[in-house]
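Participant: To be precise about what I am sending: the file is called start-v9.pdb and holds PDB, C-alpha atoms.
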ATOM      1  CA  CYS Z 245      71.425 -51.615  31.786
ATOM      2  CA  TYR Z 246      68.509 -53.720  30.631
ATOM      3  CA  PRO Z 247      66.129 -51.759  28.388
ATOM      4  CA  ILE Z 248      62.816 -53.413  27.603
ATOM      5  CA  PRO Z 249      60.407 -52.748  24.710
ATOM      6  CA  GLY Z 250      58.966 -49.271  25.030
ATOM      7  CA  ASP Z 251      62.022 -47.797  26.772
ATOM      8  CA  PRO Z 252      63.833 -45.044  24.839
ATOM      9  CA  ILE Z 253      67.057 -46.675  23.610
ATOM     10  CA  LEU Z 254      70.422 -45.609  22.228
ATOM     11  CA  GLY Z 255      72.973 -47.710  20.385
ATOM     12  CA  VAL Z 256      76.691 -47.273  20.976
ATOM     13  CA  LEU Z 257      79.150 -48.517  18.367
ATOM     14  CA  ASP Z 258      81.756 -50.709  20.010
ATOM     15  CA  ALA Z 259      84.685 -52.044  17.987
ATOM     16  CA  GLY Z 260      84.640 -55.817  18.051
ATOM     17  CA  ARG Z 261      81.202 -56.079  19.686
ATOM     18  CA  GLY Z 262      78.966 -54.178  17.278
ATOM     19  CA  ILE Z 263      76.125 -52.009  18.521
ATOM     20  CA  MET Z 264      75.534 -52.155  22.260
ATOM     21  CA  VAL Z 265      71.951 -51.172  23.142
ATOM     22  CA  HIS Z 266      71.376 -49.076  26.265
ATOM     23  CA  ALA Z 267      68.483 -47.152  27.747
ATOM     24  CA  GLN Z 268      68.870 -43.495  26.746
ATOM     25  CA  ASN Z 269      69.177 -42.465  30.404
ATOM     26  CA  CYS Z 270      71.842 -45.093  31.223
ATOM     27  CA  PRO Z 271      74.669 -43.450  33.205
ATOM     28  CA  GLN Z 272      77.238 -45.800  31.609
ATOM     29  CA  ILE Z 273      76.921 -43.985  28.276
ATOM     30  CA  GLU Z 274      76.621 -40.398  29.536
ATOM     31  CA  LYS Z 275      79.856 -39.275  27.839
ATOM     32  CA  LEU Z 276      79.117 -41.149  24.597
ATOM     33  CA  ARG Z 277      75.664 -39.650  24.023
ATOM     34  CA  GLN Z 278      76.952 -36.660  22.051
ATOM     35  CA  THR Z 279      79.619 -38.489  20.012
ATOM     36  CA  GLU Z 280      79.665 -40.064  16.574
ATOM     37  CA  ARG Z 281      79.471 -43.477  18.263
ATOM     38  CA  ALA Z 282      75.867 -42.852  19.403
ATOM     39  CA  ILE Z 283      72.979 -44.099  17.263
ATOM     40  CA  TYR Z 284      69.416 -43.275  18.263
ATOM     41  CA  LEU Z 285      67.261 -46.379  17.988
ATOM     42  CA  SER Z 286      63.643 -47.334  18.548
ATOM     43  CA  TRP Z 287      61.799 -50.559  19.195
ATOM     44  CA  GLN Z 288      59.638 -52.208  16.554
ATOM     45  CA  PRO Z 289      55.968 -51.800  17.561
ATOM     46  CA  ASP Z 290      55.358 -55.564  17.669
ATOM     47  CA  VAL Z 291      58.615 -56.739  19.277
ATOM     48  CA  GLN Z 292      58.286 -59.916  21.334
ATOM     49  CA  GLY Z 293      60.717 -62.027  23.277
ATOM     50  CA  VAL Z 294      62.339 -62.588  26.623
ATOM     51  CA  PHE Z 295      64.103 -59.568  28.076
ATOM     52  CA  PRO Z 296      66.157 -59.920  31.267
ATOM     53  CA  VAL Z 297      65.711 -57.153  33.826
ATOM     54  CA  ILE Z 298      67.043 -56.369  37.259
ATOM     55  CA  ILE Z 299      64.433 -55.651  39.910
ATOM     56  CA  GLU Z 300      65.377 -54.100  43.209
ATOM     57  CA  ALA Z 301      62.685 -54.390  45.838
ATOM     58  CA  GLU Z 302      62.666 -52.952  49.328
ATOM     59  CA  LEU Z 303      60.505 -55.010  51.650
ATOM     60  CA  LEU Z 304      59.573 -55.040  55.307
ATOM     61  CA  ASN Z 305      61.070 -58.020  57.126
ATOM     62  CA  ARG Z 306      57.900 -59.966  57.858
ATOM     63  CA  LYS Z 307      56.970 -63.614  57.739
ATOM     64  CA  GLY Z 308      55.997 -64.648  54.194
ATOM     65  CA  VAL Z 309      57.120 -61.457  52.439
ATOM     66  CA  LEU Z 310      59.616 -63.260  50.204
ATOM     67  CA  ALA Z 311      56.969 -65.840  49.284
ATOM     68  CA  ALA Z 312      54.528 -63.041  48.408
ATOM     69  CA  LEU Z 313      57.133 -61.345  46.220
ATOM     70  CA  THR Z 314      58.057 -64.521  44.338
ATOM     71  CA  GLN Z 315      54.371 -65.392  43.907
ATOM     72  CA  ALA Z 316      53.689 -61.944  42.405
ATOM     73  CA  ILE Z 317      56.546 -62.471  39.959
ATOM     74  CA  ALA Z 318      55.235 -65.939  39.037
ATOM     75  CA  ASN Z 319      51.700 -64.540  38.593
ATOM     76  CA  ALA Z 320      53.119 -62.091  36.024
ATOM     77  CA  ASP Z 321      54.159 -65.161  33.961
ATOM     78  CA  THR Z 322      57.843 -64.427  34.510
ATOM     79  CA  ASN Z 323      60.789 -66.305  35.930
ATOM     80  CA  ILE Z 324      63.480 -65.587  38.510
ATOM     81  CA  ASP Z 325      66.981 -66.514  37.341
ATOM     82  CA  ASN Z 326      68.790 -65.244  40.436
ATOM     83  CA  ILE Z 327      67.843 -63.687  43.747
ATOM     84  CA  THR Z 328      70.083 -62.037  46.334
TER
END
Translate the structure described by the file into structure tokens.

Facilitator:
Amino acid sequence: CYPIPGDPILGVLDAGRGIMVHAQNCPQIEKLRQTERAIYLSWQPDVQGVFPVIIEAELLNRKGVLAALTQAIANADTNIDNIT
């Protein structure tokens, strides 16, 4: 899961890795939510940085649609690390 600033977040204590941060609605931590390993967290109001996210887009197969999508991402001043 890839929470971004503003998303409700939850920390999970993991031996050897520290606190793993997840979105509160992440299905990977469903069973851990009500245990002593869960720590409710919040973002600082002025947090800044680069935050990787996964975007899943469903598009109609038309000429130029991929170019339009990548241009919209570039116009948002973001970068594409990988596309499948």

Participant: Could you pull the residues within 12 Å of Gln292 (chain Z), counting all atoms listed in the file, minus those fewer than 3 positions along the same chain, as an mmCIF file with C-alpha atoms, in the frame of the given file?

Facilitator:
data_model
loop_
_atom_site.group_PDB
_atom_site.id
_atom_site.type_symbol
_atom_site.label_atom_id
_atom_site.label_comp_id
_atom_site.auth_asym_id
_atom_site.auth_seq_id
_atom_site.Cartn_x
_atom_site.Cartn_y
_atom_site.Cartn_z
ATOM 1 C CA ILE Z 248 62.816 -53.413 27.603
ATOM 2 C CA PRO Z 249 60.407 -52.748 24.710
ATOM 3 C CA GLY Z 250 58.966 -49.271 25.030
ATOM 4 C CA TRP Z 287 61.799 -50.559 19.195
ATOM 5 C CA GLN Z 288 59.638 -52.208 16.554
ATOM 6 C CA PRO Z 289 55.968 -51.800 17.561
ATOM 7 C CA PHE Z 295 64.103 -59.568 28.076
#

Participant: Apply the PyMOL selection byres ((chain Z and resi 281) around 6) to the file shown and report the selected residues as a VMD selection string.

Facilitator: chain Z and resid 256 to 257 279 to 280 282

Participant: Produce a file of the selected residues containing C-alpha atoms, as a tab-separated table (two decimals), in the coordinates of the input.

Facilitator:
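And here is the file that came out, again_22.tsv:
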chain	number	residue	atom	x	y	z
Z	256	VAL	CA	76.69	-47.27	20.98
Z	257	LEU	CA	79.15	-48.52	18.37
Z	279	THR	CA	79.62	-38.49	20.01
Z	280	GLU	CA	79.67	-40.06	16.57
Z	282	ALA	CA	75.87	-42.85	19.40

Participant: Starting from the PyMOL selection byres ((chain Z and resi 299) around 12), expand the selection into actual residues of this file and give them as an MDAnalysis selection string.

Facilitator: chainID Z and resid 245:246 296:298 300:302 313:314 317 323:328

Participant: Which value, in Å to one decimal, gives the distance between CA of His266 (chain Z) and CA of Ser286 (chain Z)?

Facilitator: 11.1 Å

Participant: Z:Leu310, Z:Leu254, Z:Ala316, Z:Val294: which is nearest Gln278 (chain Z), counting all atoms listed in the file?

Facilitator: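 Using all atoms listed in the file, the shortest distance to Gln278 (chain Z) belongs to Z:Leu254.
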